[in-house]
>>> print(open('entry19.txt').read())   # compact mmCIF, C-alpha atoms
# COMPACT_ATOMS: atom_id res chain seq x y z
CA MET R 1 -60.53 0.85 -8.55
CA PRO R 2 -56.73 0.69 -9.07
CA ALA R 3 -54.47 2.53 -6.62
CA LYS R 4 -53.25 5.92 -7.71
CA LYS R 5 -49.72 5.70 -9.13
CA ALA R 6 -47.21 7.89 -7.27
CA SER R 7 -45.82 10.83 -9.17
CA PRO R 8 -42.07 11.03 -9.85
CA VAL R 9 -41.75 13.79 -7.22
CA GLU R 10 -43.53 11.66 -4.60
CA ARG R 11 -41.35 8.67 -5.46
CA ILE R 12 -38.20 10.80 -5.14
CA GLN R 13 -39.32 12.19 -1.79
CA GLU R 14 -40.16 8.72 -0.45
CA SER R 15 -36.91 7.23 -1.74
CA PHE R 16 -34.85 10.07 -0.35
CA THR R 17 -36.42 9.64 3.10
CA LYS R 18 -35.64 5.91 3.01
CA LEU R 19 -32.13 6.62 1.70
CA LYS R 20 -31.48 9.04 4.54
CA GLU R 21 -32.46 6.39 7.11
CA ALA R 22 -30.46 3.66 5.36
CA SER R 23 -27.36 5.83 5.07
CA SER R 24 -27.50 6.66 8.77
CA PHE R 25 -27.52 2.94 9.58
CA LEU R 26 -24.75 2.28 7.03
CA ASN R 27 -22.55 4.91 8.65
CA THR R 28 -23.19 3.46 12.11
CA VAL R 29 -22.24 -0.11 11.17
CA SER R 30 -19.30 1.14 9.11
CA ASP R 31 -18.03 3.02 12.17
CA GLU R 32 -18.35 -0.19 14.21
CA LEU R 33 -16.19 -2.05 11.69
CA GLY R 34 -13.74 0.85 11.85
CA TYR R 35 -13.48 0.55 15.64
CA SER R 36 -12.86 -3.20 15.36
CA ILE R 37 -10.12 -2.62 12.80
CA ALA R 38 -8.61 0.14 14.98
CA ASN R 39 -8.40 -2.34 17.86
CA LEU R 40 -6.66 -4.90 15.63
CA HIS R 41 -4.33 -2.18 14.36
CA ALA R 42 -3.46 -1.18 17.96
CA ALA R 43 -2.60 -4.80 18.81
CA LEU R 44 -0.36 -5.11 15.74
CA LYS R 45 1.29 -1.75 16.39
CA LYS R 46 2.46 -2.95 19.82
CA LEU R 47 4.43 -5.71 18.07
CA ASN R 48 6.62 -3.13 16.28
CA LEU R 49 6.88 -5.37 13.22
CA GLY R 50 8.24 -3.01 10.57
CA ILE R 51 7.46 -5.67 7.94
CA THR R 52 5.32 -5.17 4.85
CA SER R 53 3.07 -8.11 3.94
CA TRP R 54 0.21 -8.41 1.47
CA VAL R 55 -2.39 -11.07 0.68
CA ARG R 56 -4.66 -11.18 -2.34
CA VAL R 57 -8.32 -10.51 -1.68
CA ARG R 58 -9.36 -11.13 -5.26
CA GLY R 59 -8.19 -10.48 -8.79
CA ALA R 60 -8.03 -11.68 -12.36
CA GLN R 61 -5.90 -11.57 -15.45
CA ASP R 62 -6.58 -11.81 -19.15
CA GLU R 63 -3.98 -14.05 -20.79
CA ASN R 64 -4.77 -12.66 -24.24
CA SER R 65 -4.43 -8.95 -23.51
CA GLY R 66 -2.00 -9.18 -20.60
CA TYR R 67 -4.27 -7.04 -18.44
CA TYR R 68 -4.47 -7.87 -14.73
CA TRP R 69 -6.00 -6.43 -11.59
CA HIS R 70 -6.14 -7.37 -7.93
CA HIS R 71 -7.26 -6.08 -4.55
CA ASP R 72 -4.96 -6.78 -1.60
CA LEU R 73 -5.09 -6.56 2.17
CA GLY R 74 -1.83 -5.75 3.83
CA TYR R 75 0.20 -4.50 6.69
CA ALA R 76 2.34 -1.67 5.37
CA LYS R 77 3.74 1.78 5.99
CA PHE R 78 1.44 4.46 4.63
CA SER R 79 2.05 8.18 5.07
CA GLY R 80 4.80 7.42 7.58
CA LYS R 81 2.68 5.11 9.75
CA TRP R 82 2.43 1.32 9.91
CA GLY R 83 -0.99 -0.26 9.80
CA LEU R 84 -3.57 -2.31 7.98
CA ALA R 85 -4.00 -1.19 4.41
CA ILE R 86 -5.90 -2.00 1.27
CA ARG R 87 -4.63 -1.52 -2.25
CA THR R 88 -5.87 -1.98 -5.78
CA VAL R 89 -3.40 -2.83 -8.51
CA SER R 90 -3.99 -2.97 -12.25
CA GLY R 91 -1.91 -2.94 -15.37
CA GLU R 92 -0.62 -4.82 -18.34
CA TYR R 93 2.40 -7.08 -18.45
CA GLY R 94 5.28 -4.96 -19.68
CA PRO R 95 5.11 -1.18 -20.11
CA PRO R 96 3.30 0.97 -19.13
CA GLU R 97 3.70 0.66 -15.40
CA GLU R 98 0.93 -0.62 -13.20
CA GLU R 99 -1.50 1.62 -11.37
CA VAL R 100 -1.63 1.27 -7.59
CA ASP R 101 -4.08 2.94 -5.24
CA GLN R 102 -3.51 2.37 -1.54
CA TRP R 103 -5.44 3.44 1.55
CA PRO R 104 -5.27 2.90 5.28
CA PHE R 105 -7.89 0.21 5.91
CA ASN R 106 -10.51 2.52 7.38
CA GLU R 107 -10.18 5.00 4.51
CA ALA R 108 -10.60 2.47 1.70
CA PRO R 109 -13.88 2.22 -0.19
CA ARG R 110 -16.45 0.28 1.85
CA SER R 111 -16.79 -2.48 -0.72
CA LEU R 112 -13.05 -3.21 -0.50
CA ARG R 113 -13.12 -3.17 3.31
CA ILE R 114 -16.00 -5.65 3.39
CA GLU R 115 -14.19 -8.06 1.06
CA ALA R 116 -10.89 -7.71 2.90
CA VAL R 117 -12.17 -8.68 6.35
CA GLU R 118 -12.29 -12.40 5.51
CA LYS R 119 -8.58 -12.27 4.56
CA ILE R 120 -7.40 -11.01 7.97
CA PRO R 121 -6.48 -14.55 9.13
CA ASP R 122 -4.48 -15.04 5.90
CA LEU R 123 -2.68 -11.76 6.47
CA LEU R 124 -1.74 -12.70 10.04
CA GLU R 125 -0.39 -16.05 8.82
CA ARG R 126 1.60 -14.26 6.11
CA LEU R 127 2.98 -11.84 8.70
CA VAL R 128 4.17 -14.75 10.86
CA SER R 129 5.93 -16.28 7.86
CA ASP R 130 7.43 -12.96 6.75
CA VAL R 131 8.60 -12.11 10.29
CA ASN R 132 10.28 -15.51 10.61
CA ASP R 133 11.93 -15.17 7.19
CA THR R 134 13.13 -11.67 8.01
CA SER R 135 14.51 -12.80 11.37
CA ALA R 136 16.49 -15.57 9.64
CA LYS R 137 17.87 -13.08 7.10
CA ILE R 138 18.86 -10.66 9.86
CA ILE R 139 20.73 -13.44 11.69
CA GLU R 140 22.53 -14.32 8.46
CA LYS R 141 23.41 -10.69 7.72
CA SER R 142 24.55 -10.08 11.30
CA ALA R 143 26.99 -12.98 10.98
CA GLU R 144 28.19 -11.49 7.69
CA VAL R 145 28.79 -8.10 9.33
CA ASP R 146 30.63 -9.85 12.19
CA VAL R 147 33.02 -11.38 9.62
CA TYR R 148 33.60 -7.93 8.10
CA THR R 149 34.14 -6.42 11.54
CA ASP R 150 36.64 -9.13 12.48
CA ALA R 151 38.52 -8.48 9.26
CA ILE R 152 38.68 -4.75 10.04
CA LYS R 153 39.78 -5.43 13.64
CA THR R 154 42.54 -7.71 12.36
CA MET R 155 43.68 -5.01 9.94
CA ASN R 156 43.58 -2.37 12.71
CA GLU R 157 45.60 -4.61 15.06
CA SER R 158 48.15 -5.16 12.30
CA ILE R 159 48.40 -1.43 11.63
CA VAL R 160 48.80 -0.67 15.36
CA ALA R 161 51.47 -3.39 15.70
CA GLU R 162 53.39 -2.01 12.70
CA ALA R 163 53.21 1.51 14.12
CA GLN R 164 54.52 0.32 17.48
CA ASN R 165 57.34 -1.58 15.80
CA GLU R 166 58.34 1.56 13.90
CA VAL R 167 58.35 3.61 17.11
CA GLU R 168 60.33 0.97 19.06
CA ALA R 169 62.83 0.18 16.30
CA PRO R 170 66.15 1.99 16.66
CA LYS R 171 66.94 4.39 13.93
>>> encode(input="entry19.txt", output="structure tokens")
Amino acid sequence: MPAKKASPVERIQESFTKLKEASSFLNTVSDELGYSIANLHAALKKLNLGITSWVRVRGAQDENSGYYWHHDLGYAKFSGKWGLAIRTVSGEYGPPEEEVDQWPFNEAPRSLRIEAVEKIPDLLERLVSDVNDTSAKIIEKSAEVDVYTDAIKTMNESIVAEAQNEVEAPK
């Protein structure tokens, strides 16, 4: 005799019970990933970088239509705070402007967080490169400001000397 087929209500009840258990486990492991990311974030925060860097997680473009999309992992300022972030970008070449959605890492959709984890080493390498490039630019700009400052000092010394000459000169 064949087994009795479960009714739709019985199937829903069984599936919901299983879904409840699975979702509890999903939330637990998701929280564990969140703690790991929070620890990485804390280590990066101590470096006081102040540099925005992004690496591509995945993406595509259609040469015919000009449509593109990509998901990125980054270190950026979001809502006034620096940290790991995930963004999605999509658009078409030329107007209209692209659409960008950005989240702190632990607030991004789970699927994006899962994909982004493997790009953490790439992001750290990009940060090293960007920090070094920024340091070089700051050195260059500091030298430029020093030239400007020297020019102003020279002008000030000239003005002071002229003023002293006018005061000392007999009238």
>>> closest_atom_pairs(input="entry19.txt", of="segment 83-139 of chain R", to="segment 15-38 of chain R", cutoff="10 Å", atoms="only C-alpha atoms", output="JSON lines")
{"residue": "R:Gly83", "atom": "CA", "partner": "R:Ala38", "partner_atom": "CA", "distance": 9.2}
{"residue": "R:Leu84", "atom": "CA", "partner": "R:Ile37", "partner_atom": "CA", "distance": 8.1}
{"residue": "R:Phe105", "atom": "CA", "partner": "R:Ile37", "partner_atom": "CA", "distance": 7.8}
{"residue": "R:Asn106", "atom": "CA", "partner": "R:Gly34", "partner_atom": "CA", "distance": 5.8}
{"residue": "R:Glu107", "atom": "CA", "partner": "R:Gly34", "partner_atom": "CA", "distance": 9.2}
{"residue": "R:Arg110", "atom": "CA", "partner": "R:Ser30", "partner_atom": "CA", "distance": 7.8}
{"residue": "R:Arg113", "atom": "CA", "partner": "R:Leu33", "partner_atom": "CA", "distance": 9.0}
{"residue": "R:Ile114", "atom": "CA", "partner": "R:Leu33", "partner_atom": "CA", "distance": 9.0}
{"residue": "R:Val117", "atom": "CA", "partner": "R:Ile37", "partner_atom": "CA", "distance": 9.1}
>>> closest_residue(input="entry19.txt", among="R:Pro109, R:Gly50, R:Pro121, R:Gly66", to="Ile86 of chain R", atoms="all atoms listed in the file")
R:Pro109
>>> residues_around(input="entry19.txt", residues="segment 95-100 of chain R", least_positions_apart="2", cutoff="10 Å", atoms="all atoms listed in the file", output="list of chain:residue names")
R:Tyr67, R:Tyr68, R:Trp69, R:His70, R:His71, R:Arg87, R:Thr88, R:Val89, R:Ser90, R:Gly91, R:Glu92, R:Tyr93, R:Gln102
>>> closest_residue(input="entry19.txt", among="R:Ala85, R:Val147, R:Leu127, R:Ile12", to="Leu112 of chain R", atoms="all atoms listed in the file")
R:Ala85
>>> closest_residue(input="entry19.txt", among="R:Glu63, R:Glu140, R:Trp82, R:Trp54", to="Ala42 of chain R", atoms="all atoms listed in the file")
R:Trp82
>>> decode(input="entry19.txt", residues="segment 31-170 of chain R", atoms="C-alpha atoms", output="mmCIF file, in the first residue's frame")
data_model
loop_
_atom_site.group_PDB
_atom_site.id
_atom_site.type_symbol
_atom_site.label_atom_id
_atom_site.label_comp_id
_atom_site.auth_asym_id
_atom_site.auth_seq_id
_atom_site.Cartn_x
_atom_site.Cartn_y
_atom_site.Cartn_z
ATOM 1 C CA ASP R 31 26.409 36.698 14.005
ATOM 2 C CA GLU R 32 29.731 34.823 14.195
ATOM 3 C CA LEU R 33 30.796 36.306 10.855
ATOM 4 C CA GLY R 34 29.690 39.701 12.154
ATOM 5 C CA TYR R 35 31.920 39.353 15.230
ATOM 6 C CA SER R 36 34.882 38.384 13.052
ATOM 7 C CA ILE R 37 34.316 41.407 10.826
ATOM 8 C CA ALA R 38 33.930 43.648 13.897
ATOM 9 C CA ASN R 39 37.343 42.458 15.113
ATOM 10 C CA LEU R 40 38.901 43.231 11.721
ATOM 11 C CA HIS R 41 37.175 46.616 11.721
ATOM 12 C CA ALA R 42 38.572 47.381 15.205
ATOM 13 C CA ALA R 43 42.106 46.541 14.036
ATOM 14 C CA LEU R 44 41.750 48.811 10.990
ATOM 15 C CA LYS R 45 40.205 51.617 13.034
ATOM 16 C CA LYS R 46 43.317 51.749 15.249
ATOM 17 C CA LEU R 47 45.372 52.595 12.140
ATOM 18 C CA ASN R 48 43.430 55.856 11.641
ATOM 19 C CA LEU R 49 43.718 55.534 7.858
ATOM 20 C CA GLY R 50 41.180 58.060 6.607
ATOM 21 C CA ILE R 51 41.567 56.566 3.113
ATOM 22 C CA THR R 52 38.757 55.219 0.953
ATOM 23 C CA SER R 53 39.599 52.084 -1.038
ATOM 24 C CA TRP R 54 37.400 49.678 -2.986
ATOM 25 C CA VAL R 55 37.946 46.326 -4.688
ATOM 26 C CA ARG R 56 35.582 44.601 -7.083
ATOM 27 C CA VAL R 57 33.867 41.497 -5.756
ATOM 28 C CA ARG R 58 32.128 40.734 -9.026
ATOM 29 C CA GLY R 59 30.371 42.491 -11.865
ATOM 30 C CA ALA R 60 29.572 42.559 -15.550
ATOM 31 C CA GLN R 61 28.838 44.901 -18.396
ATOM 32 C CA ASP R 62 26.898 44.643 -21.617
ATOM 33 C CA GLU R 63 28.874 46.252 -24.439
ATOM 34 C CA ASN R 64 25.769 46.536 -26.616
ATOM 35 C CA SER R 65 23.449 48.293 -24.179
ATOM 36 C CA GLY R 66 26.090 50.038 -22.079
ATOM 37 C CA TYR R 67 24.590 48.619 -18.888
ATOM 38 C CA TYR R 68 26.981 47.650 -16.099
ATOM 39 C CA TRP R 69 26.815 46.488 -12.503
ATOM 40 C CA HIS R 70 29.286 45.522 -9.809
ATOM 41 C CA HIS R 71 29.510 44.643 -6.136
ATOM 42 C CA ASP R 72 32.475 46.064 -4.216
ATOM 43 C CA LEU R 73 34.130 45.584 -0.850
ATOM 44 C CA GLY R 74 35.697 48.659 0.603
ATOM 45 C CA TYR R 75 37.020 50.664 3.457
ATOM 46 C CA ALA R 76 35.109 53.929 3.486
ATOM 47 C CA LYS R 77 33.373 56.547 5.576
ATOM 48 C CA PHE R 78 29.704 55.760 6.005
ATOM 49 C CA SER R 79 27.346 57.804 8.168
ATOM 50 C CA GLY R 80 30.315 59.657 9.636
ATOM 51 C CA LYS R 81 32.267 56.522 10.593
ATOM 52 C CA TRP R 82 35.126 54.707 8.872
ATOM 53 C CA GLY R 83 34.847 50.980 8.369
ATOM 54 C CA LEU R 84 34.427 48.021 6.088
ATOM 55 C CA ALA R 85 31.613 48.529 3.629
ATOM 56 C CA ILE R 86 29.878 46.862 0.739
ATOM 57 C CA ARG R 87 28.290 48.630 -2.189
ATOM 58 C CA THR R 88 26.369 47.750 -5.307
ATOM 59 C CA VAL R 89 26.690 49.957 -8.357
ATOM 60 C CA SER R 90 24.689 49.812 -11.574
ATOM 61 C CA GLY R 91 23.983 52.084 -14.476
ATOM 62 C CA GLU R 92 24.476 52.819 -18.117
ATOM 63 C CA TYR R 93 27.399 54.617 -19.683
ATOM 64 C CA GLY R 94 26.383 58.243 -20.014
ATOM 65 C CA PRO R 95 23.221 59.709 -18.484
ATOM 66 C CA PRO R 96 21.317 58.857 -16.357
ATOM 67 C CA GLU R 97 23.578 58.642 -13.354
ATOM 68 C CA GLU R 98 24.483 55.339 -11.783
ATOM 69 C CA GLU R 99 22.672 53.860 -8.817
ATOM 70 C CA VAL R 100 24.766 53.142 -5.732
ATOM 71 C CA ASP R 101 23.638 51.345 -2.597
ATOM 72 C CA GLN R 102 26.151 51.175 0.237
ATOM 73 C CA TRP R 103 26.077 49.505 3.645
ATOM 74 C CA PRO R 104 28.406 48.987 6.563
ATOM 75 C CA PHE R 105 29.669 45.421 6.055
ATOM 76 C CA ASN R 106 27.553 43.844 8.772
ATOM 77 C CA GLU R 107 24.373 45.522 7.515
ATOM 78 C CA ALA R 108 24.730 44.436 3.876
ATOM 79 C CA PRO R 109 22.609 41.598 2.513
ATOM 80 C CA ARG R 110 24.028 38.232 3.592
ATOM 81 C CA SER R 111 24.702 37.086 0.041
ATOM 82 C CA LEU R 112 26.924 40.128 -0.561
ATOM 83 C CA ARG R 113 28.766 39.618 2.739
ATOM 84 C CA ILE R 114 29.490 35.985 1.900
ATOM 85 C CA GLU R 115 30.918 36.895 -1.509
ATOM 86 C CA ALA R 116 32.947 39.794 -0.131
ATOM 87 C CA VAL R 117 34.867 37.816 2.498
ATOM 88 C CA GLU R 118 37.226 36.266 -0.070
ATOM 89 C CA LYS R 119 38.202 39.773 -1.247
ATOM 90 C CA ILE R 120 39.429 40.951 2.178
ATOM 91 C CA PRO R 121 43.089 40.167 1.303
ATOM 92 C CA ASP R 122 42.687 42.152 -1.945
ATOM 93 C CA LEU R 123 41.227 45.078 -0.021
ATOM 94 C CA LEU R 124 44.110 45.099 2.468
ATOM 95 C CA GLU R 125 46.611 45.068 -0.408
ATOM 96 C CA ARG R 126 44.736 47.933 -2.069
ATOM 97 C CA LEU R 127 44.763 49.868 1.204
ATOM 98 C CA VAL R 128 48.546 49.470 1.465
ATOM 99 C CA SER R 129 48.953 50.783 -2.071
ATOM 100 C CA ASP R 130 46.508 53.655 -1.544
ATOM 101 C CA VAL R 131 48.100 54.636 1.785
ATOM 102 C CA ASN R 132 51.549 54.694 0.175
ATOM 103 C CA ASP R 133 50.285 56.738 -2.791
ATOM 104 C CA THR R 134 48.533 59.177 -0.474
ATOM 105 C CA SER R 135 51.635 59.543 1.693
ATOM 106 C CA ALA R 136 53.708 60.383 -1.398
ATOM 107 C CA LYS R 137 51.129 62.973 -2.504
ATOM 108 C CA ILE R 138 51.076 64.538 0.964
ATOM 109 C CA ILE R 139 54.875 64.842 0.932
ATOM 110 C CA GLU R 140 54.690 66.491 -2.488
ATOM 111 C CA LYS R 141 51.938 68.886 -1.418
ATOM 112 C CA SER R 142 53.727 69.729 1.840
ATOM 113 C CA ALA R 143 56.792 70.760 -0.164
ATOM 114 C CA GLU R 144 54.524 72.859 -2.388
ATOM 115 C CA VAL R 145 53.017 74.617 0.644
ATOM 116 C CA ASP R 146 56.532 75.201 2.014
ATOM 117 C CA VAL R 147 57.421 77.026 -1.227
ATOM 118 C CA TYR R 148 54.281 79.165 -0.876
ATOM 119 C CA THR R 149 55.067 79.863 2.772
ATOM 120 C CA ASP R 150 58.641 80.875 1.941
ATOM 121 C CA ALA R 151 57.335 83.238 -0.720
ATOM 122 C CA ILE R 152 54.957 84.837 1.792
ATOM 123 C CA LYS R 153 57.720 85.109 4.413
ATOM 124 C CA THR R 154 59.966 86.805 1.864
ATOM 125 C CA MET R 155 57.185 89.244 0.997
ATOM 126 C CA ASN R 156 56.513 89.920 4.709
ATOM 127 C CA GLU R 157 60.230 90.523 5.382
ATOM 128 C CA SER R 158 60.343 92.923 2.445
ATOM 129 C CA ILE R 159 57.283 94.787 3.698
ATOM 130 C CA VAL R 160 58.719 95.007 7.236
ATOM 131 C CA ALA R 161 62.070 96.246 5.862
ATOM 132 C CA GLU R 162 60.332 98.908 3.757
ATOM 133 C CA ALA R 163 58.291 100.039 6.747
ATOM 134 C CA GLN R 164 61.415 100.319 8.897
ATOM 135 C CA ASN R 165 63.199 102.279 6.178
ATOM 136 C CA GLU R 166 60.288 104.706 5.999
ATOM 137 C CA VAL R 167 60.329 105.185 9.777
ATOM 138 C CA GLU R 168 64.135 105.636 9.907
ATOM 139 C CA ALA R 169 64.403 107.892 6.860
ATOM 140 C CA PRO R 170 64.593 111.591 7.685
#
